[in-house]
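Have a look at work16.cif; it's mmCIF, C-alpha atoms:
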data_target
loop_
_atom_site.label_atom_id
_atom_site.label_comp_id
_atom_site.auth_asym_id
_atom_site.auth_seq_id
_atom_site.Cartn_x
_atom_site.Cartn_y
_atom_site.Cartn_z
CA MET U 474 0.00 0.00 0.00
CA THR U 475 1.19 3.49 -0.73
CA THR U 476 1.95 5.37 2.43
CA THR U 477 2.33 9.07 2.93
CA LYS U 478 5.60 10.10 4.51
CA ASN U 479 4.45 13.32 6.13
CA ASN U 480 0.96 12.20 7.11
CA ASP U 481 1.66 9.61 9.75
CA LEU U 482 -2.00 9.21 10.69
CA ILE U 483 -2.98 8.33 7.15
CA GLY U 484 -1.75 4.78 6.73
CA ASN U 485 -2.25 4.65 3.01
CA ASP U 486 -3.38 7.47 0.80
CA PRO U 487 -6.52 6.44 -1.10
CA LEU U 488 -5.87 9.27 -3.56
CA ALA U 489 -2.31 8.25 -4.38
CA TRP U 490 -3.45 6.81 -7.70
CA MET U 491 -4.17 10.34 -8.91
CA GLU U 492 -0.61 11.54 -8.53
CA GLU U 493 0.98 8.35 -9.75
CA GLU U 494 -1.39 8.35 -12.68
CA VAL U 495 -0.18 11.77 -13.72
CA HIS U 496 3.54 11.17 -13.19
CA GLY U 497 4.40 7.49 -13.08
CA VAL U 498 2.18 6.22 -15.82
CA ALA U 499 2.92 9.07 -18.16
CA GLN U 500 6.59 8.19 -17.90
CA GLU U 501 5.80 4.52 -18.30
CA ARG U 502 3.89 5.27 -21.47
CA VAL U 503 6.87 7.04 -22.93
CA ASP U 504 9.25 4.32 -21.84
CA LYS U 505 7.21 1.54 -23.31
CA ASP U 506 6.24 3.51 -26.38
CA THR U 507 2.69 2.32 -26.06
CA ASP U 508 -0.13 3.74 -28.07
CA ALA U 509 -2.47 4.02 -25.11
CA GLY U 510 -4.97 6.86 -25.37
CA PRO U 511 -4.83 9.85 -23.01
CA ASP U 512 -7.96 8.75 -21.19
CA GLN U 513 -6.69 5.34 -20.27
CA ASP U 514 -6.52 4.98 -16.53
CA VAL U 515 -3.78 3.56 -14.36
CA ALA U 516 -5.01 0.05 -13.90
CA GLY U 517 -6.34 0.16 -17.42
CA GLN U 518 -3.05 -0.25 -19.21
CA GLU U 519 -3.22 -3.00 -21.74
CA PRO U 520 -1.56 -6.21 -20.55
CA SER U 521 1.79 -6.80 -22.11
CA ALA U 522 0.73 -10.18 -23.40
CA SER U 523 -1.91 -11.13 -25.90
CA PRO U 524 -3.79 -14.45 -25.83
CA ASP U 525 -1.44 -15.80 -28.44
CA ASP U 526 1.68 -15.16 -26.37
CA ALA U 527 1.47 -18.35 -24.35
CA ASP U 528 4.49 -17.77 -22.10
CA VAL U 529 4.60 -13.99 -22.04
CA PRO U 530 3.72 -12.74 -18.57
CA VAL U 531 0.89 -10.34 -17.89
CA VAL U 532 2.55 -7.29 -16.36
CA LEU U 533 0.40 -5.62 -13.73
CA PRO U 534 0.41 -1.82 -13.56
CA ALA U 535 1.81 0.15 -10.63
CA ILE U 536 -1.59 1.10 -9.25
CA LEU U 537 -4.24 -1.54 -8.82
CA ASN U 538 -7.45 -0.18 -7.39
CA ILE U 539 -11.19 -0.14 -7.73
CA GLN U 540 -11.11 2.45 -10.51
CA GLY U 541 -9.40 -0.01 -12.80
CA ALA U 542 -10.86 -3.25 -11.44
CA ALA U 543 -13.40 -3.71 -14.24
CA ARG U 544 -10.81 -3.22 -16.95
CA LEU U 545 -8.30 -5.47 -15.22
CA HIS U 546 -11.01 -8.10 -15.02
CA GLU U 547 -11.54 -7.89 -18.78
CA GLN U 548 -7.82 -8.10 -19.36
CA LEU U 549 -7.41 -11.20 -17.22
CA LEU U 550 -10.35 -12.87 -18.93
CA ALA U 551 -8.87 -12.03 -22.31
CA VAL U 552 -5.50 -13.61 -21.59
CA LEU U 553 -7.17 -16.76 -20.31
CA GLN U 554 -8.42 -17.63 -23.77
CA GLY U 555 -6.47 -20.48 -25.28
CA ARG U 556 -3.80 -20.63 -22.60
CA LYS U 557 -2.71 -23.45 -20.37
CA GLN U 558 -0.47 -21.26 -18.29
CA VAL U 559 -0.82 -17.69 -17.05
CA ILE U 560 2.12 -15.87 -15.54
CA ILE U 561 1.41 -12.56 -13.84
CA ASP U 562 4.34 -10.22 -13.34
CA ALA U 563 3.61 -8.18 -10.21
CA ARG U 564 6.95 -6.49 -9.70
CA ASN U 565 5.62 -3.03 -10.53
CA VAL U 566 2.71 -3.04 -8.14
CA ASN U 567 3.26 -0.36 -5.53
CA SER U 568 -0.35 0.20 -4.49
CA ILE U 569 -3.22 -2.25 -4.38
CA ASP U 570 -6.62 -1.98 -2.80
CA THR U 571 -9.00 -4.66 -1.61
CA ALA U 572 -11.08 -4.59 -4.81
CA ALA U 573 -8.07 -5.40 -6.99
CA LEU U 574 -6.80 -8.01 -4.54
CA GLN U 575 -10.22 -9.62 -4.50
CA LEU U 576 -10.09 -9.76 -8.28
CA LEU U 577 -6.75 -11.58 -8.19
CA VAL U 578 -8.13 -14.03 -5.64
CA ILE U 579 -11.17 -14.79 -7.77
CA PHE U 580 -8.95 -15.15 -10.82
CA ARG U 581 -6.76 -17.56 -8.88
CA GLN U 582 -9.79 -19.59 -7.82
CA GLU U 583 -11.03 -19.74 -11.40
CA THR U 584 -7.68 -20.98 -12.68
CA LEU U 585 -7.64 -23.67 -10.00
CA LYS U 586 -11.10 -24.79 -11.01
CA SER U 587 -10.15 -25.04 -14.64
CA SER U 588 -6.76 -26.65 -13.91
CA LEU U 589 -4.88 -23.76 -15.43
CA ASP U 590 -1.39 -23.10 -14.21
CA MET U 591 -1.29 -19.57 -12.80
CA ARG U 592 1.74 -18.03 -11.20
CA ILE U 593 2.47 -14.58 -9.77
CA ASP U 594 6.07 -13.75 -10.56
CA ALA U 595 8.17 -11.29 -8.57
CA PRO U 596 5.36 -10.00 -6.34
CA SER U 597 6.23 -6.60 -4.96
CA SER U 598 6.53 -6.09 -1.22
CA GLN U 599 3.36 -3.99 -1.31
CA LEU U 600 1.37 -6.78 -2.90
CA ILE U 601 2.77 -9.33 -0.48
CA ALA U 602 1.97 -7.11 2.50
CA ALA U 603 -1.60 -6.54 1.33
CA ALA U 604 -2.11 -10.23 0.61
CA ARG U 605 -0.81 -11.17 4.05
CA LEU U 606 -2.97 -8.58 5.70
CA LEU U 607 -6.07 -10.10 4.13
CA ASP U 608 -4.82 -13.65 4.63
CA VAL U 609 -4.78 -14.56 0.96
CA ALA U 610 -1.00 -14.77 0.53
CA ASP U 611 -1.02 -18.57 0.60
CA LEU U 612 -3.81 -18.80 -1.92
CA LEU U 613 -1.99 -16.43 -4.25
CA GLU U 614 1.31 -18.17 -3.47
CA VAL U 615 3.09 -14.92 -2.75
CA ALA U 616 3.92 -15.61 0.90
CA MET O 1278 -27.93 30.20 -14.12
CA SER O 1279 -25.35 27.79 -12.73
CA ILE O 1280 -26.42 24.31 -11.67
CA ILE O 1281 -24.22 22.96 -8.91
CA ALA O 1282 -24.36 19.47 -7.42
CA VAL O 1283 -23.32 19.21 -3.78
CA ILE O 1284 -22.19 15.63 -3.81
CA ASN O 1285 -20.22 13.05 -1.92
CA GLN O 1286 -21.24 9.42 -1.87
CA LYS O 1287 -20.09 9.16 1.71
CA GLY O 1288 -22.64 10.14 4.33
CA GLY O 1289 -22.05 12.55 7.19
CA VAL O 1290 -19.59 14.83 5.46
CA GLY O 1291 -21.81 17.92 5.64
CA LYS O 1292 -23.61 18.04 2.29
CA THR O 1293 -26.95 19.24 3.62
CA THR O 1294 -25.42 21.62 6.16
CA THR O 1295 -23.25 23.10 3.43
CA THR O 1296 -26.13 23.40 0.97
CA ALA O 1297 -28.47 25.10 3.43
CA ASN O 1298 -25.99 27.56 4.89
CA LEU O 1299 -24.03 28.37 1.75
CA ALA O 1300 -27.25 28.91 -0.21
CA HIS O 1301 -28.62 31.19 2.50
CA ALA O 1302 -25.34 33.10 2.67
CA LEU O 1303 -25.47 33.69 -1.09
CA ALA O 1304 -29.14 34.71 -0.90
CA ARG O 1305 -28.23 37.24 1.78
CA CYS O 1306 -25.66 38.64 -0.66
CA GLY O 1307 -28.53 39.35 -3.06
CA LYS O 1308 -28.10 36.34 -5.30
CA LYS O 1309 -31.18 34.47 -6.47
CA VAL O 1310 -30.75 30.91 -5.27
CA THR O 1311 -32.80 27.72 -5.57
CA VAL O 1312 -31.98 24.60 -3.59
CA ILE O 1313 -33.28 21.17 -4.56
CA ASP O 1314 -33.57 18.53 -1.88
CA PHE O 1315 -32.47 15.52 -3.90
CA ASP O 1316 -32.05 13.17 -0.96
CA PRO O 1317 -35.09 10.97 -0.18
CA GLN O 1318 -34.47 11.62 3.53
CA GLY O 1319 -35.69 15.17 2.90
CA GLN O 1320 -33.45 16.76 5.48
CA LEU O 1321 -32.58 19.88 3.54
CA ALA O 1322 -36.22 20.93 3.77
CA VAL O 1323 -36.22 20.26 7.51
CA ALA O 1324 -33.05 22.31 7.92
CA LEU O 1325 -34.78 25.20 6.20
CA GLY O 1326 -37.89 24.91 8.37
CA VAL O 1327 -40.16 22.88 6.08
CA ALA O 1328 -40.95 19.83 8.14
CA ALA O 1329 -44.28 18.66 6.72
CA PRO O 1330 -44.10 16.33 3.71
CA ARG O 1331 -45.20 18.02 0.50
CA GLN O 1332 -44.89 17.50 -3.20
CA GLY O 1333 -41.52 18.28 -4.69
CA ILE O 1334 -38.90 17.10 -7.16
CA ALA O 1335 -40.17 13.49 -7.01
CA GLU O 1336 -43.51 14.56 -8.43
CA VAL O 1337 -41.76 16.65 -11.07
CA LEU O 1338 -39.68 13.70 -12.21
CA LEU O 1339 -42.27 10.95 -11.90
CA GLU O 1340 -45.51 12.74 -12.73
CA GLY O 1341 -44.37 15.66 -14.85
CA LYS O 1342 -45.65 18.30 -12.41
CA ASP O 1343 -44.70 21.91 -13.12
CA ILE O 1344 -41.54 22.69 -11.18
CA ARG O 1345 -42.49 26.37 -10.80
CA GLN O 1346 -45.71 25.53 -8.96
CA LEU O 1347 -43.88 23.46 -6.37
CA LEU O 1348 -41.16 25.94 -5.46
CA LEU O 1349 -41.34 27.36 -1.96
CA GLU O 1350 -40.00 30.79 -1.09
CA VAL O 1351 -38.25 29.93 2.18
CA ARG O 1352 -36.15 33.07 2.63
CA ASP O 1353 -35.60 36.29 0.71
CA ASN O 1354 -33.98 35.31 -2.61
CA LEU O 1355 -33.96 31.65 -1.59
CA GLN O 1356 -36.43 29.10 -2.87
CA LEU O 1357 -36.67 25.41 -2.10
CA LEU O 1358 -37.89 22.42 -4.04
CA THR O 1359 -38.50 19.66 -1.52
CA ALA O 1360 -37.69 15.99 -2.10
CA GLY O 1361 -41.36 15.11 -2.37
CA CYS O 1362 -43.05 12.01 -1.16
CA ARG O 1363 -41.74 9.43 -3.63
CA LEU O 1364 -38.16 10.38 -4.40
CA MET O 1365 -36.92 6.91 -3.51
CA ASP O 1366 -39.11 5.59 -6.33
CA VAL O 1367 -36.88 7.37 -8.83
CA GLU O 1368 -34.08 4.97 -7.88
CA GLN O 1369 -36.37 2.13 -8.94
CA VAL O 1370 -37.16 3.43 -12.41
CA ARG O 1371 -36.21 0.63 -14.80
CA GLU O 1372 -37.66 1.89 -18.06
CA GLY O 1373 -36.38 4.58 -20.35
CA GLY O 1374 -32.78 3.49 -20.89
CA VAL O 1375 -30.18 6.20 -20.68
CA GLN O 1376 -32.91 8.85 -20.64
CA ARG O 1377 -33.64 7.87 -17.04
CA GLY O 1378 -30.53 9.83 -16.19
CA GLU O 1379 -31.81 12.97 -17.88
CA LEU O 1380 -35.06 13.41 -15.96
CA LEU O 1381 -33.75 16.20 -13.74
CA SER O 1382 -31.80 17.90 -16.49
CA ARG O 1383 -34.89 18.12 -18.70
CA SER O 1384 -37.04 19.31 -15.81
CA LEU O 1385 -34.70 22.18 -15.01
CA GLN O 1386 -34.42 23.37 -18.58
CA ASP O 1387 -36.20 26.65 -19.18
CA ASN O 1388 -37.69 26.67 -15.68
CA LEU O 1389 -35.16 28.39 -13.46
CA GLN O 1390 -33.48 30.77 -15.84
CA ASP O 1391 -34.09 33.74 -13.52
CA GLN O 1392 -31.95 32.15 -10.82
CA ASP O 1393 -28.25 32.83 -10.31
CA TYR O 1394 -27.54 29.48 -8.71
CA VAL O 1395 -29.34 26.16 -8.40
CA PHE O 1396 -27.88 23.82 -5.78
CA ILE O 1397 -28.72 20.12 -5.82
CA ASP O 1398 -28.27 18.47 -2.42
CA CYS O 1399 -27.43 14.93 -3.50
CA PRO O 1400 -28.04 11.70 -1.59
CA PRO O 1401 -25.10 9.74 -0.17
CA SER O 1402 -25.29 7.09 -2.88
CA SER O 1403 -24.29 6.52 -6.47
CA GLY O 1404 -27.61 5.39 -7.92
CA LEU O 1405 -29.97 6.94 -10.42
CA LEU O 1406 -30.56 10.05 -8.33
CA ALA O 1407 -26.87 10.89 -8.27
CA ALA O 1408 -26.70 10.13 -11.99
CA ASN O 1409 -29.50 12.61 -12.64
CA ALA O 1410 -27.68 15.27 -10.66
CA LEU O 1411 -24.48 14.66 -12.61
CA PHE O 1412 -26.34 14.85 -15.92
CA ALA O 1413 -27.89 18.16 -14.91
CA CYS O 1414 -24.98 20.03 -13.35
CA GLU O 1415 -21.90 21.69 -14.73
CA GLU O 1416 -20.19 22.32 -11.41
CA ILE O 1417 -19.60 20.13 -8.40
CA LEU O 1418 -19.03 21.04 -4.78
CA ILE O 1419 -17.56 18.22 -2.70
CA PRO O 1420 -17.83 18.63 1.07
CA MET O 1421 -15.14 16.64 2.84
CA ALA O 1422 -14.92 15.67 6.48
CA GLY O 1423 -11.57 15.45 8.21
CA ASP O 1424 -11.26 11.71 8.56
CA PHE O 1425 -9.67 8.85 6.69
CA LEU O 1426 -12.88 7.24 5.43
CA ALA O 1427 -13.84 10.53 3.81
CA LEU O 1428 -10.63 10.30 1.76
CA GLN O 1429 -11.53 6.76 0.78
CA GLY O 1430 -15.02 7.90 -0.22
CA LEU O 1431 -13.55 10.73 -2.25
CA SER O 1432 -11.43 8.27 -4.20
CA HIS O 1433 -14.58 6.36 -5.15
CA LEU O 1434 -16.42 9.56 -6.03
CA LEU O 1435 -13.63 10.61 -8.37
CA GLY O 1436 -13.94 7.27 -10.12
CA THR O 1437 -17.65 7.91 -10.60
CA LEU O 1438 -17.05 11.44 -11.86
CA ARG O 1439 -14.48 10.21 -14.33
CA LYS O 1440 -16.99 7.78 -15.82
CA PHE O 1441 -19.55 10.54 -16.23
CA GLU O 1442 -17.02 12.90 -17.75
CA GLN O 1443 -16.14 10.27 -20.32
CA LEU O 1444 -19.78 9.40 -20.96
CA LEU O 1445 -20.99 12.98 -21.27
CA GLN O 1446 -17.85 14.34 -22.91
CA LYS O 1447 -17.60 17.19 -20.45
CA LYS O 1448 -15.30 18.27 -17.68
CA TYR O 1449 -16.89 19.31 -14.41
CA LYS O 1450 -15.63 22.30 -12.52
CA LYS O 1451 -14.86 20.76 -9.13
CA ARG O 1452 -14.34 22.54 -5.85
CA LEU O 1453 -13.75 20.90 -2.50
CA ILE O 1454 -14.99 22.24 0.81
CA MET O 1455 -13.34 21.16 4.02
CA SER O 1456 -16.28 20.80 6.36
CA ARG O 1457 -16.54 19.40 9.86
CA PHE O 1458 -12.94 20.48 10.32
CA CYS O 1459 -11.45 20.09 13.78
CA SER O 1460 -8.22 22.03 13.94
CA THR O 1461 -7.14 20.35 17.18
CA ARG O 1462 -7.16 16.92 15.56
CA ARG O 1463 -4.05 15.93 13.70
CA ILE O 1464 -6.02 13.63 11.41
CA SER O 1465 -8.14 16.57 10.24
CA ARG O 1466 -5.05 18.59 9.41
CA GLN O 1467 -3.46 15.67 7.63
CA VAL O 1468 -6.56 15.04 5.57
CA LEU O 1469 -6.51 18.70 4.55
CA ASN O 1470 -2.80 18.41 3.66
CA THR O 1471 -3.57 15.36 1.56
CA LEU O 1472 -6.32 17.21 -0.28
CA CYS O 1473 -4.03 20.18 -0.91
CA LYS O 1474 -1.47 17.84 -2.41
CA HIS O 1475 -3.90 16.19 -4.82
CA PHE O 1476 -6.22 19.10 -5.60
CA PRO O 1477 -4.14 22.26 -5.91
CA GLY O 1478 -6.32 25.16 -6.98
CA GLN O 1479 -9.55 23.28 -6.28
CA ILE O 1480 -10.02 23.68 -2.52
CA MET O 1481 -12.00 26.57 -1.12
CA PRO O 1482 -9.76 28.26 1.43
CA THR O 1483 -12.38 28.85 4.12
CA VAL O 1484 -12.78 25.68 6.14
CA ILE O 1485 -16.02 25.00 8.00
CA ARG O 1486 -15.05 24.15 11.53
CA GLU O 1487 -16.86 21.46 13.47
CA THR O 1488 -19.22 22.96 16.02
CA VAL O 1489 -22.26 21.88 17.92
CA LEU O 1490 -24.16 24.95 16.70
CA LEU O 1491 -24.34 23.54 13.18
CA ALA O 1492 -25.78 20.34 14.61
CA GLU O 1493 -28.38 22.26 16.60
CA CYS O 1494 -29.79 24.73 14.12
CA PRO O 1495 -31.66 22.23 11.84
CA GLY O 1496 -33.71 21.29 14.88
CA PHE O 1497 -35.13 24.79 14.84
CA GLY O 1498 -35.52 24.96 11.07
CA LYS O 1499 -32.97 27.76 10.98
CA THR O 1500 -29.72 28.35 9.20
CA ILE O 1501 -26.71 29.42 11.22
CA PHE O 1502 -27.38 33.05 10.23
CA GLU O 1503 -30.70 32.91 12.03
CA TYR O 1504 -29.71 30.62 14.89
CA ARG O 1505 -26.43 32.31 15.92
CA PRO O 1506 -25.65 35.09 13.46
CA GLY O 1507 -22.52 36.27 15.23
CA SER O 1508 -21.04 32.84 15.80
CA ARG O 1509 -17.86 31.33 14.39
CA PRO O 1510 -19.66 28.97 11.97
CA ALA O 1511 -21.72 31.91 10.67
CA ARG O 1512 -18.44 33.67 9.92
CA ASP O 1513 -17.12 30.51 8.29
CA PHE O 1514 -20.10 30.29 5.94
CA ARG O 1515 -19.92 33.99 5.11
CA GLY O 1516 -16.27 33.42 4.21
CA LEU O 1517 -17.18 30.37 2.16
CA ALA O 1518 -19.81 32.33 0.25
CA ASP O 1519 -17.22 34.99 -0.47
CA ASP O 1520 -14.81 32.32 -1.73
CA PHE O 1521 -17.58 30.93 -3.90
CA LEU O 1522 -18.48 34.27 -5.45
CA THR O 1523 -14.91 35.40 -6.04
CA GLY O 1524 -13.64 32.01 -7.18
CA ARG O 1525 -10.98 32.02 -4.49
CA VAL O 1526 -9.24 28.66 -4.08
CA MET O 1527 -6.05 27.31 -2.55
#
Write-out of the structure in structure tokens:
Amino acid sequence: MTTTKNNDLIGNDPLAWMEEEVHGVAQERVDKDTDAGPDQDVAGQEPSASPDDADVPVVLPAILNIQGAARLHEQLLAVLQGRKQVIIDARNVNSIDTAALQLLVIFRQETLKSSLDMRIDAPSSQLIAAARLLDVADLLEVA
Amino acid sequence: MSIIAVINQKGGVGKTTTTANLAHALARCGKKVTVIDFDPQGQLAVALGVAAPRQGIAEVLLEGKDIRQLLLEVRDNLQLLTAGCRLMDVEQVREGGVQRGELLSRSLQDNLQDQDYVFIDCPPSSGLLAANALFACEEILIPMAGDFLALQGLSHLLGTLRKFEQLLQKKYKKRLIMSRFCSTRRISRQVLNTLCKHFPGQIMPTVIRETVLLAECPGFGKTIFEYRPGSRPARDFRGLADDFLTGRVM
């Protein structure tokens, strides 16, 4: 979770996605030379893998929150098509809220049901901390 | 005429208190102001001294009643449209597709052109009533309380506003009001700092400080200017009205 250095009574800043959206993602767009439109939101970046790229990991964006949960859901469903293995690269995640975490848990449960191999690679410390806090770290295998 | 939604999906942040007292402050400055009680609880009407249920915006939206015949002159320059008896039914409207969201907007058209400001006191929810308010307004006032959950609620509200801005292809003018501010609490100050960081140039500089007087005056159907005209919260709301009129922000 993103914490605010100067505001020690505000454990995590629910508005952090606004600032990181403006700065972090803009830079990320330049770096990756994506053709994302200006209205695309933080958690709404296209996954780096298409359904055809069987072993290419899905790279999660830096901010995972309720504003982008619906789009992330669509993205995860899309990469499921025709795959036997889904690798999620979570190294960039520096803020995640309960809605996004819940989505990952449901996705994990669905892959277990359908015998798909799903793996979260390089989970960031923020994701691990949030998963532990909500007692889903074992399920997500990020403990 | 400017149509302004006073909105925050979180309850208890001071929407109705802000609407009643800011509207009255502006009316006392000579502005023609209409307030619409768009919360089925109908507490804006109570705060302005109209306690008995009567027809209002619900009947305008659901039955096509003439909005001008239902307006109540509650103070000099200040008129009120009550919630009406069936406002909750609007949330249940299932027919009409996207036009369900335009009921209020169409009702206001051509009816309140003589007014300087129309304030919509929104319910603490994100259903069809809030959607109607967002269709109708061009400006948004967001009262914020000085606690963490208010920040969380604001994050959700911004997500909702973003969807509407994309859908309607418009950009709302947004201003935040720090209400229920307790200067002796560190959490209040830190919430204000957090808002200043994320919303530079969008926060009204006069904060409304928490006081028991603002909790008492609705019980007498009075605004703070009638209940305790010389009090600190009365000064706060006069300052807020001045910020509003001059466009002062921090």
Can you write out as a Markdown table which residues of chain U fall within 8 Å of chain O, alongside each residue's closest atom pair and its distance in Å to one decimal, counting only C-alpha atoms and ordering rows by chain and ascending residue number?
| residue | atom | partner | partner_atom | distance |
| --- | --- | --- | --- | --- |
| U:Asn480 | CA | O:Gln1467 | CA | 5.6 |
| U:Leu482 | CA | O:Ile1464 | CA | 6.0 |
| U:Ile483 | CA | O:Phe1425 | CA | 6.7 |
| U:Asp486 | CA | O:Leu1428 | CA | 7.8 |
| U:Pro487 | CA | O:Gln1429 | CA | 5.4 |
| U:Leu488 | CA | O:Ser1432 | CA | 5.7 |
| U:Met491 | CA | O:His1475 | CA | 7.1 |
| U:Glu492 | CA | O:His1475 | CA | 6.8 |
| U:Ile539 | CA | O:His1433 | CA | 7.8 |
| U:Gln540 | CA | O:Gly1436 | CA | 5.6 |
Self-check item: Computed interatomic separation between CA of Ser1508 in chain O and CA of Lys1451 in chain O (Å)
Solution: 28.4 Å
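Across the model, the gap from CA of Ile1485 in chain O to CA of Ser1460 in chain O is 10.2 Å.
Residue nearest Ala1407 in chain O within the list O:Met1455, O:Met1527, O:Leu1491, O:Leu1380: O:Leu1380 [criterion: smallest interatomic distance, all atoms listed in the file].
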Quick one: apply the PyMOL selection byres ((chain O and resi 1356) around 9) to the file and drop the selected residues here as a compact mmCIF listing (two decimals) with C-alpha atoms, in the coordinates of the input.
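Once written, part31.txt looks like this:
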# COMPACT_ATOMS: atom_id res chain seq x y z
CA LYS O 1309 -31.18 34.47 -6.47
CA VAL O 1310 -30.75 30.91 -5.27
CA THR O 1311 -32.80 27.72 -5.57
CA VAL O 1312 -31.98 24.60 -3.59
CA ILE O 1313 -33.28 21.17 -4.56
CA LEU O 1348 -41.16 25.94 -5.46
CA LEU O 1349 -41.34 27.36 -1.96
CA GLU O 1350 -40.00 30.79 -1.09
CA VAL O 1351 -38.25 29.93 2.18
CA ARG O 1352 -36.15 33.07 2.63
CA ASP O 1353 -35.60 36.29 0.71
CA ASN O 1354 -33.98 35.31 -2.61
CA LEU O 1355 -33.96 31.65 -1.59
CA LEU O 1357 -36.67 25.41 -2.10
CA LEU O 1358 -37.89 22.42 -4.04
Exercise. Run through the PyMOL selection byres ((chain O and resi 1344) around 8) on the given coordinates and return the selected residues as a PyMOL selection string.
Key: chain O and resi 1333-1334+1337+1342-1343+1345-1348+1384-1385+1388
Exercise. Name every residue that the PyMOL selection byres ((chain U and resi 537) around 8) selects in this structure, writing the answer as a PyMOL selection string with chains first and numbers rising.
Key: chain U and resi 515-516+533-536+538-539+541-542+566+568-570+573
Quiz prompt | Separation of CA of Arg1452 in chain O from CA of Gln1479 in chain O in Å | solution = 4.9 Å
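Around the coordinate (5.4, -9.8, -13.9), residues that reach within 7 Å when counting only C-alpha atoms are Pro530, Val531, Val532, Leu533, Ile561, Asp562, Ala563, Arg564, Ile593, Asp594 and Ala595 of chain U.
Contact shell of Arg581 in chain U at 12 Å (all atoms listed in the file; same-chain neighbours under 4 positions omitted): Leu549, Leu550, Leu553, Gln558, Val559, Ile560, Ile561, Leu574, Gln575, Leu576, Leu577, Leu585, Lys586, Ser587, Ser588, Leu589, Asp590, Met591, Arg592, Ile593, Val609, Ala610, Asp611, Leu612, Leu613, Glu614 and Val615 of chain U.
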